[in-house]
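**Student:** One structure is given below, represented as structure tokens, and several questions about it will come after.
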Amino acid sequence: MSTILAATAAAALLSAPARAQEEKVLNIYNWSDYIAEDTIKNFEKETGIKVRYDLFDSNEVLHAKLAAGKTGYDIVVPSSNWARLQIDGGLLRELDKSKIPNLANLDPQLQSLIAAKLDPGNKHLVIWLWGFTTLGINVDKVKATLGGMPMPDNAWDLLFDPKYSSKLKSCGISVLDSPSEIMPAALIYLGKPAYSKNASDYQDAGRLLQSVRSNITLFSSSGYINDLANGSLCLSLGWSGDINIARQRAIDAKNGNKIEALVPKTSATLLFDTMAIPTDAPHPNNAHLWINYITRPEVHAGLTNKVFYANPNAAALKYVRKDLAENKTIYLSDEDKKRMTVPEPYSSDIRRVMTRVYTKFKTGL
């Protein structure tokens with residue numbers, strides 16, 4: 001009897017690794033226009049893992065899915081302040097850094113910005129790419145539409161001062177369809193903390209937004225890229241990398257549209273989009289392989305070369321296209337970086353207030 005038991009136990013030990021081994025699948029949920037053409041293909045070829053890649057266009061959509069649970073995703077890419085909420089809610093798992101040796105390539109200064117307020121010890125998050133929320137313009141159309149009016153010293157006036165936006169609506173104004181993106185910009189314009197903890201500040205921001213609501217022609221978090229590139233819009237509140245994508249598309253199309261991302265002289269909010277693994281991810285080992293692959297210098301540089309957002313990888317800069325590495329609307333100067341605002345998480349109460357104010361603004365009620 002003991003011999004049979006011993007044989008059974010041995011067989012169980014031999015079969016355990018096979019049972020524990022994950023299927024060759026990786027499910028990713030990411031933003032649109034945010035990856036190079038060969039990133040997934042090269043990973044699949046190298047690992048034999050099949051990638052299923054889905055898209056979202058706002059942090060609110062991603063957060064709702066994670067909060068509901070059982071998403072089936074192994075890698076998600078939340079903005080860092082939303083990721084803090086997800087960490088607090090137990091929705092993201094701690095990383096096994098022993099499986100990600102390429103973390104050594106990351107810029108410690110950028111990692112420390114995340115660690116300071118959002119992910120102490122960088123236990124859960126790895127920066128995918130970073131940039132800032134700002135205004136993009138069609139230079140010639142804006143100047144022509146403003147007529148003899150000079151460009152304002154404060155770039156935010158173009159959107160938030162009706163003197164400017166009432167004119168620019170004729171050539172098209174868009175804003176991101178996300179309260180957590182437009183509210184900080186409005187608060188900065190009012191001289192208030194971008195991530196204010198005071199509910200009354202959001203009411204003030206709402207009144208500012210209502211004053212220019214009739215001048216906004218489009219709410220879009222992805223389609224505005226092509227609209228800016230083809231001249232359908234002349235002013236967009238958007239993300240720096242997206243605006244630079246629009247710029248490149250206009251250049252490639254040779255359509256005469258000169259697109260420019262502005263760097264406000266006051267402040268703007270930095271954005272850090274981060275790779276994270278949901279707590280209930282079905283393939284966490286594959287997820288760690290993906291993060292280690294992305295943080296390889298050549299791979300991280302490939303993302304920047306395609307989507308025009310800066311990467312956090314200090315070892316990757318030498319692989320970034322020279323014109324992009326020297327573009328100060330992609331890799332901000334140290335002086336500009338100091339003026340920018342690092343994202344902060346929202347409490348549930350503030351999120352509710354912000355959403356109500358934003359909904360009233362969007363619907364024009």
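Labels for the structure tokens follow display order: chains A, B, ..., residues from 1 in each chain, ligands from 1.
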As number ranges by chain, please: all residues of segment 14-186 of chain A that backbone DSSP puts in strand (DSSP E or B).
**Tutor:** A: 25-31, 50-56, 75-76, 79, 92, 106, 126-138, 173-175
**Student:** Hey, what's within 7 Å of segment 212-226 of chain A if we count only C-alpha atoms and toss same-chain stuff fewer than 4 positions away? As a short mmCIF file (atom, residue, chain, number, x, y, z; two decimals) with N, CA and C atoms, in the first residue's frame, please?
**Tutor:**
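Result went into result-v4.cif, see below:
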data_model
loop_
_atom_site.label_atom_id
_atom_site.label_comp_id
_atom_site.auth_asym_id
_atom_site.auth_seq_id
_atom_site.Cartn_x
_atom_site.Cartn_y
_atom_site.Cartn_z
N ASP A 57 -11.18 54.19 -24.07
CA ASP A 57 -10.83 55.57 -24.37
C ASP A 57 -10.97 56.52 -23.19
N PHE A 160 -10.64 78.76 -22.48
CA PHE A 160 -11.47 79.16 -21.34
C PHE A 160 -11.88 80.62 -21.32
N PRO A 162 -13.95 83.27 -23.27
CA PRO A 162 -14.91 83.35 -24.38
C PRO A 162 -14.49 84.33 -25.47
N SER A 165 -12.48 81.73 -27.51
CA SER A 165 -13.18 80.51 -27.93
C SER A 165 -14.43 80.81 -28.75
N SER A 166 -15.05 81.97 -28.53
CA SER A 166 -16.24 82.31 -29.33
C SER A 166 -15.87 82.50 -30.80
N LYS A 169 -14.66 78.72 -32.33
CA LYS A 169 -15.67 77.69 -32.55
C LYS A 169 -16.00 77.55 -34.03
N GLY A 172 -13.72 74.93 -35.21
CA GLY A 172 -13.84 73.66 -34.51
C GLY A 172 -13.01 73.54 -33.24
N ILE A 173 -13.69 73.33 -32.13
CA ILE A 173 -13.03 73.13 -30.82
C ILE A 173 -13.48 71.79 -30.25
N SER A 174 -12.52 70.98 -29.81
CA SER A 174 -12.86 69.72 -29.14
C SER A 174 -12.22 69.67 -27.77
N VAL A 175 -12.84 68.89 -26.89
CA VAL A 175 -12.26 68.62 -25.57
C VAL A 175 -12.36 67.12 -25.31
N LEU A 176 -11.48 66.63 -24.48
CA LEU A 176 -11.51 65.22 -24.10
C LEU A 176 -12.83 64.90 -23.41
N ASP A 177 -13.38 63.75 -23.72
CA ASP A 177 -14.66 63.35 -23.14
C ASP A 177 -14.40 62.62 -21.83
N ASN A 230 -6.68 66.59 -40.13
CA ASN A 230 -7.24 66.92 -41.45
C ASN A 230 -7.86 68.32 -41.53
N ASP A 242 -0.98 62.55 -28.48
CA ASP A 242 -2.02 62.50 -29.52
C ASP A 242 -1.90 63.70 -30.45
N ILE A 243 -1.63 64.85 -29.88
CA ILE A 243 -1.50 66.06 -30.69
C ILE A 243 -0.29 65.94 -31.62
N ALA A 246 -1.25 63.76 -34.45
CA ALA A 246 -2.00 64.55 -35.44
C ALA A 246 -1.04 65.38 -36.29
N PHE A 361 -22.20 70.11 -17.57
CA PHE A 361 -21.48 70.87 -18.58
C PHE A 361 -21.65 70.26 -19.97
N GLY A 364 -25.08 70.60 -21.34
CA GLY A 364 -25.49 72.00 -21.50
C GLY A 364 -26.68 72.39 -20.66
#
**Student:** Can you work out which one of A:Ile49, A:Ala186, A:Tyr73, A:Glu181 has the shortest atom-to-atom distance to Gln210 of chain A, counting only C-alpha atoms?
**Tutor:**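 Closest to Gln210 of chain A, using only C-alpha atoms: A:Ala186.
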**Student:** How close does each residue of segment 186-244 of chain A get to segment 313-336 of chain A, giving the shortest atom pair and distance in Å to one decimal for every residue with an atom at most 10 Å away, counting only C-alpha atoms, sorted by chain and residue number, as JSON lines?
**Tutor:**
{"residue": "A:Ser240", "atom": "CA", "partner": "A:Thr329", "partner_atom": "CA", "distance": 6.9}
{"residue": "A:Gly241", "atom": "CA", "partner": "A:Ile330", "partner_atom": "CA", "distance": 6.9}
{"residue": "A:Ile243", "atom": "CA", "partner": "A:Thr329", "partner_atom": "CA", "distance": 9.6}
{"residue": "A:Asn244", "atom": "CA", "partner": "A:Ile330", "partner_atom": "CA", "distance": 8.0}
**Student:** Skipping near chain neighbours, those fewer than 6 positions away, what residues fall within 12 Å of Asp140 of chain A using only C-alpha atoms, listed as number ranges by chain?
**Tutor:** A: 146-147, 151, 168, 171, 231, 233-235, 256-260
**Student:** Include all heavy atoms and write out the residues we just selected as a compact mmCIF listing (two decimals), in the first residue's frame.
**Tutor:**
# COMPACT_ATOMS: atom_id res chain seq x y z
N LEU A 146 -8.61 84.22 -35.53
CA LEU A 146 -8.52 85.29 -34.54
C LEU A 146 -8.36 86.65 -35.19
O LEU A 146 -8.54 87.68 -34.54
CB LEU A 146 -7.36 85.03 -33.58
CG LEU A 146 -7.51 83.85 -32.63
CD1 LEU A 146 -6.28 83.73 -31.74
CD2 LEU A 146 -8.77 83.96 -31.77
N GLY A 147 -8.04 86.67 -36.48
CA GLY A 147 -7.88 87.94 -37.18
C GLY A 147 -6.69 88.71 -36.62
O GLY A 147 -5.59 88.20 -36.51
N MET A 151 -2.03 86.11 -30.19
CA MET A 151 -2.15 84.89 -29.38
C MET A 151 -1.98 85.26 -27.92
O MET A 151 -1.12 86.07 -27.56
CB MET A 151 -1.09 83.88 -29.79
CG MET A 151 -1.32 83.24 -31.14
SD MET A 151 -2.66 82.01 -31.11
CE MET A 151 -1.83 80.65 -30.26
N LEU A 168 -13.01 80.92 -32.17
CA LEU A 168 -12.43 79.67 -32.66
C LEU A 168 -13.46 78.56 -32.88
O LEU A 168 -13.18 77.58 -33.57
CB LEU A 168 -11.35 79.19 -31.68
CG LEU A 168 -10.12 80.11 -31.58
CD1 LEU A 168 -9.16 79.60 -30.52
CD2 LEU A 168 -9.41 80.24 -32.92
N CYS A 171 -13.97 77.32 -36.43
CA CYS A 171 -13.07 76.37 -37.08
C CYS A 171 -12.94 75.08 -36.28
O CYS A 171 -12.17 74.19 -36.64
CB CYS A 171 -11.69 76.98 -37.35
SG CYS A 171 -10.80 77.65 -35.93
N GLY A 231 -7.76 69.08 -40.43
CA GLY A 231 -8.24 70.46 -40.47
C GLY A 231 -9.67 70.65 -40.05
O GLY A 231 -10.19 71.78 -40.13
N LEU A 233 -10.74 70.45 -37.06
CA LEU A 233 -10.65 71.16 -35.78
C LEU A 233 -9.46 72.11 -35.83
O LEU A 233 -8.46 71.83 -36.49
CB LEU A 233 -10.44 70.18 -34.62
CG LEU A 233 -11.54 69.17 -34.32
CD1 LEU A 233 -11.03 68.10 -33.36
CD2 LEU A 233 -12.76 69.87 -33.73
N CYS A 234 -9.57 73.21 -35.10
CA CYS A 234 -8.42 74.10 -35.00
C CYS A 234 -7.90 74.21 -33.58
O CYS A 234 -6.81 74.73 -33.35
CB CYS A 234 -8.73 75.48 -35.57
SG CYS A 234 -9.95 76.42 -34.63
N LEU A 235 -8.67 73.71 -32.60
CA LEU A 235 -8.25 73.74 -31.20
C LEU A 235 -8.76 72.50 -30.49
O LEU A 235 -9.95 72.19 -30.58
CB LEU A 235 -8.80 75.00 -30.50
CG LEU A 235 -8.53 75.13 -29.00
CD1 LEU A 235 -7.04 75.33 -28.73
CD2 LEU A 235 -9.34 76.28 -28.40
N GLY A 256 -1.07 70.54 -45.61
CA GLY A 256 -0.87 71.95 -45.29
C GLY A 256 -1.27 72.36 -43.89
O GLY A 256 -1.13 73.53 -43.53
N ASN A 257 -1.79 71.42 -43.09
CA ASN A 257 -2.17 71.75 -41.72
C ASN A 257 -0.96 71.66 -40.80
O ASN A 257 -0.32 70.62 -40.69
CB ASN A 257 -3.27 70.79 -41.23
CG ASN A 257 -4.58 71.01 -41.97
OD1 ASN A 257 -5.03 72.14 -42.11
ND2 ASN A 257 -5.17 69.93 -42.46
N LYS A 258 -0.66 72.77 -40.17
CA LYS A 258 0.48 72.84 -39.23
C LYS A 258 -0.06 72.70 -37.82
O LYS A 258 -0.66 73.62 -37.27
CB LYS A 258 1.22 74.16 -39.40
CG LYS A 258 2.45 74.29 -38.51
CD LYS A 258 3.12 75.64 -38.71
CE LYS A 258 4.30 75.81 -37.76
NZ LYS A 258 4.91 77.17 -37.89
N ILE A 259 0.13 71.52 -37.22
CA ILE A 259 -0.41 71.22 -35.90
C ILE A 259 0.70 71.37 -34.86
O ILE A 259 1.84 70.93 -35.07
CB ILE A 259 -0.97 69.78 -35.85
CG1 ILE A 259 -1.93 69.53 -37.02
CG2 ILE A 259 -1.64 69.52 -34.51
CD1 ILE A 259 -3.10 70.50 -37.09
N GLU A 260 0.34 71.96 -33.73
CA GLU A 260 1.34 72.21 -32.68
C GLU A 260 0.74 71.94 -31.31
O GLU A 260 -0.38 72.36 -31.01
CB GLU A 260 1.83 73.66 -32.76
CG GLU A 260 2.90 74.01 -31.74
CD GLU A 260 3.36 75.46 -31.87
OE1 GLU A 260 3.24 76.03 -32.96
OE2 GLU A 260 3.81 76.02 -30.85
**Student:** From the list A:Gly136, A:Pro297, A:Gly69, A:Gly191, which residue is nearest Val263 of chain A when using only C-alpha atoms?
**Tutor:** A:Gly136
**Student:** If you count only C-alpha atoms, which residues fall within 12 Å of Pro343 of chain A, apart from same-chain ones fewer than 6 positions away, as JSON, numbers by chain?
**Tutor:** {"A": [79, 80, 81, 82, 83, 84, 113, 114, 115, 116, 117, 118, 119, 130, 131, 132, 133, 180, 181, 184, 185, 193, 194, 195, 196, 268, 269, 270, 271, 272, 273]}
**Student:** Please dump the current selection as a tab-separated table (two decimals), in the first residue's frame; keep N, CA and C atoms.
**Tutor:**
chain	number	residue	atom	x	y	z
A	79	SER	N	-4.20	55.39	-16.02
A	79	SER	CA	-3.43	56.55	-15.62
A	79	SER	C	-3.14	56.44	-14.13
A	80	SER	N	-2.02	57.01	-13.72
A	80	SER	CA	-1.49	56.70	-12.39
A	80	SER	C	-2.42	57.08	-11.24
A	81	ASN	N	-3.13	58.20	-11.35
A	81	ASN	CA	-3.99	58.58	-10.24
A	81	ASN	C	-5.20	57.66	-10.12
A	82	TRP	N	-5.68	57.15	-11.24
A	82	TRP	CA	-6.76	56.16	-11.19
A	82	TRP	C	-6.23	54.83	-10.67
A	83	ALA	N	-5.00	54.53	-11.03
A	83	ALA	CA	-4.40	53.29	-10.54
A	83	ALA	C	-4.32	53.30	-9.01
A	84	ARG	N	-4.11	54.48	-8.41
A	84	ARG	CA	-4.08	54.56	-6.95
A	84	ARG	C	-5.41	54.11	-6.35
A	113	LEU	N	8.38	59.93	-8.75
A	113	LEU	CA	7.18	60.76	-8.82
A	113	LEU	C	5.94	59.91	-8.61
A	114	ILE	N	5.94	58.72	-9.18
A	114	ILE	CA	4.83	57.79	-8.99
A	114	ILE	C	4.80	57.29	-7.55
A	115	ALA	N	5.96	56.97	-7.02
A	115	ALA	CA	6.04	56.39	-5.68
A	115	ALA	C	5.61	57.38	-4.60
A	116	ALA	N	5.88	58.67	-4.82
A	116	ALA	CA	5.66	59.67	-3.77
A	116	ALA	C	4.21	59.74	-3.31
A	117	LYS	N	3.27	59.71	-4.25
A	117	LYS	CA	1.87	59.90	-3.89
A	117	LYS	C	0.95	58.77	-4.32
A	118	LEU	N	1.43	57.94	-5.25
A	118	LEU	CA	0.50	57.04	-5.90
A	118	LEU	C	0.78	55.56	-5.68
A	119	ASP	N	2.03	55.17	-5.64
A	119	ASP	CA	2.37	53.76	-5.51
A	119	ASP	C	3.66	53.61	-4.72
A	130	TRP	N	4.58	58.54	-20.85
A	130	TRP	CA	4.13	59.72	-20.11
A	130	TRP	C	4.06	60.94	-21.03
A	131	GLY	N	3.28	61.92	-20.62
A	131	GLY	CA	3.11	63.14	-21.38
A	131	GLY	C	2.40	64.16	-20.51
A	132	PHE	N	1.56	64.98	-21.13
A	132	PHE	CA	0.80	65.98	-20.36
A	132	PHE	C	-0.46	66.33	-21.13
A	133	THR	N	-1.46	66.80	-20.39
A	133	THR	CA	-2.73	67.22	-20.99
A	133	THR	C	-2.63	68.69	-21.33
A	180	SER	N	-12.14	63.72	-15.61
A	180	SER	CA	-10.86	63.74	-14.89
A	180	SER	C	-9.74	64.36	-15.72
A	181	GLU	N	-10.03	64.75	-16.96
A	181	GLU	CA	-9.04	65.43	-17.78
A	181	GLU	C	-9.35	66.92	-17.92
A	184	PRO	N	-9.21	69.23	-14.15
A	184	PRO	CA	-7.94	69.79	-13.67
A	184	PRO	C	-7.48	71.00	-14.48
A	185	ALA	N	-7.69	70.97	-15.80
A	185	ALA	CA	-7.30	72.11	-16.64
A	185	ALA	C	-8.09	73.36	-16.25
A	193	PRO	N	-6.02	74.34	-6.98
A	193	PRO	CA	-5.29	73.08	-7.12
A	193	PRO	C	-5.93	72.19	-8.18
A	194	ALA	N	-5.12	71.64	-9.05
A	194	ALA	CA	-5.64	70.83	-10.16
A	194	ALA	C	-6.44	69.64	-9.67
A	195	TYR	N	-6.07	69.10	-8.53
A	195	TYR	CA	-6.78	67.94	-7.96
A	195	TYR	C	-7.35	68.33	-6.60
A	196	SER	N	-8.07	69.43	-6.62
A	196	SER	CA	-8.63	70.00	-5.40
A	196	SER	C	-9.45	68.98	-4.61
A	268	ALA	N	0.18	72.56	-16.40
A	268	ALA	CA	-0.70	71.57	-17.00
A	268	ALA	C	-0.48	70.29	-16.20
A	269	THR	N	-1.35	69.32	-16.40
A	269	THR	CA	-1.21	68.09	-15.63
A	269	THR	C	-0.38	67.06	-16.39
A	270	LEU	N	0.61	66.51	-15.71
A	270	LEU	CA	1.36	65.41	-16.27
A	270	LEU	C	0.45	64.18	-16.35
A	271	LEU	N	0.74	63.30	-17.28
A	271	LEU	CA	0.03	62.03	-17.30
A	271	LEU	C	1.06	60.91	-17.33
A	272	PHE	N	0.84	59.96	-16.47
A	272	PHE	CA	1.65	58.75	-16.43
A	272	PHE	C	0.70	57.57	-16.62
A	273	ASP	N	0.74	56.97	-17.79
A	273	ASP	CA	-0.05	55.76	-18.01
A	273	ASP	C	0.81	54.57	-17.62
**Student:** Identify, with DSSP run on backbone atoms, the residues in segment 135-224 of chain A assigned to helix (DSSP H, G or I), and express the list as a count of residues only.
**Tutor:** 51
**Student:** Could you list, as a PyMOL selection string, every residue within 10 Å of Pro101 of chain A, counting only C-alpha atoms and ignoring same-chain residues fewer than 4 positions away?
**Tutor:** chain A and resi 97+105+291-293+295-296
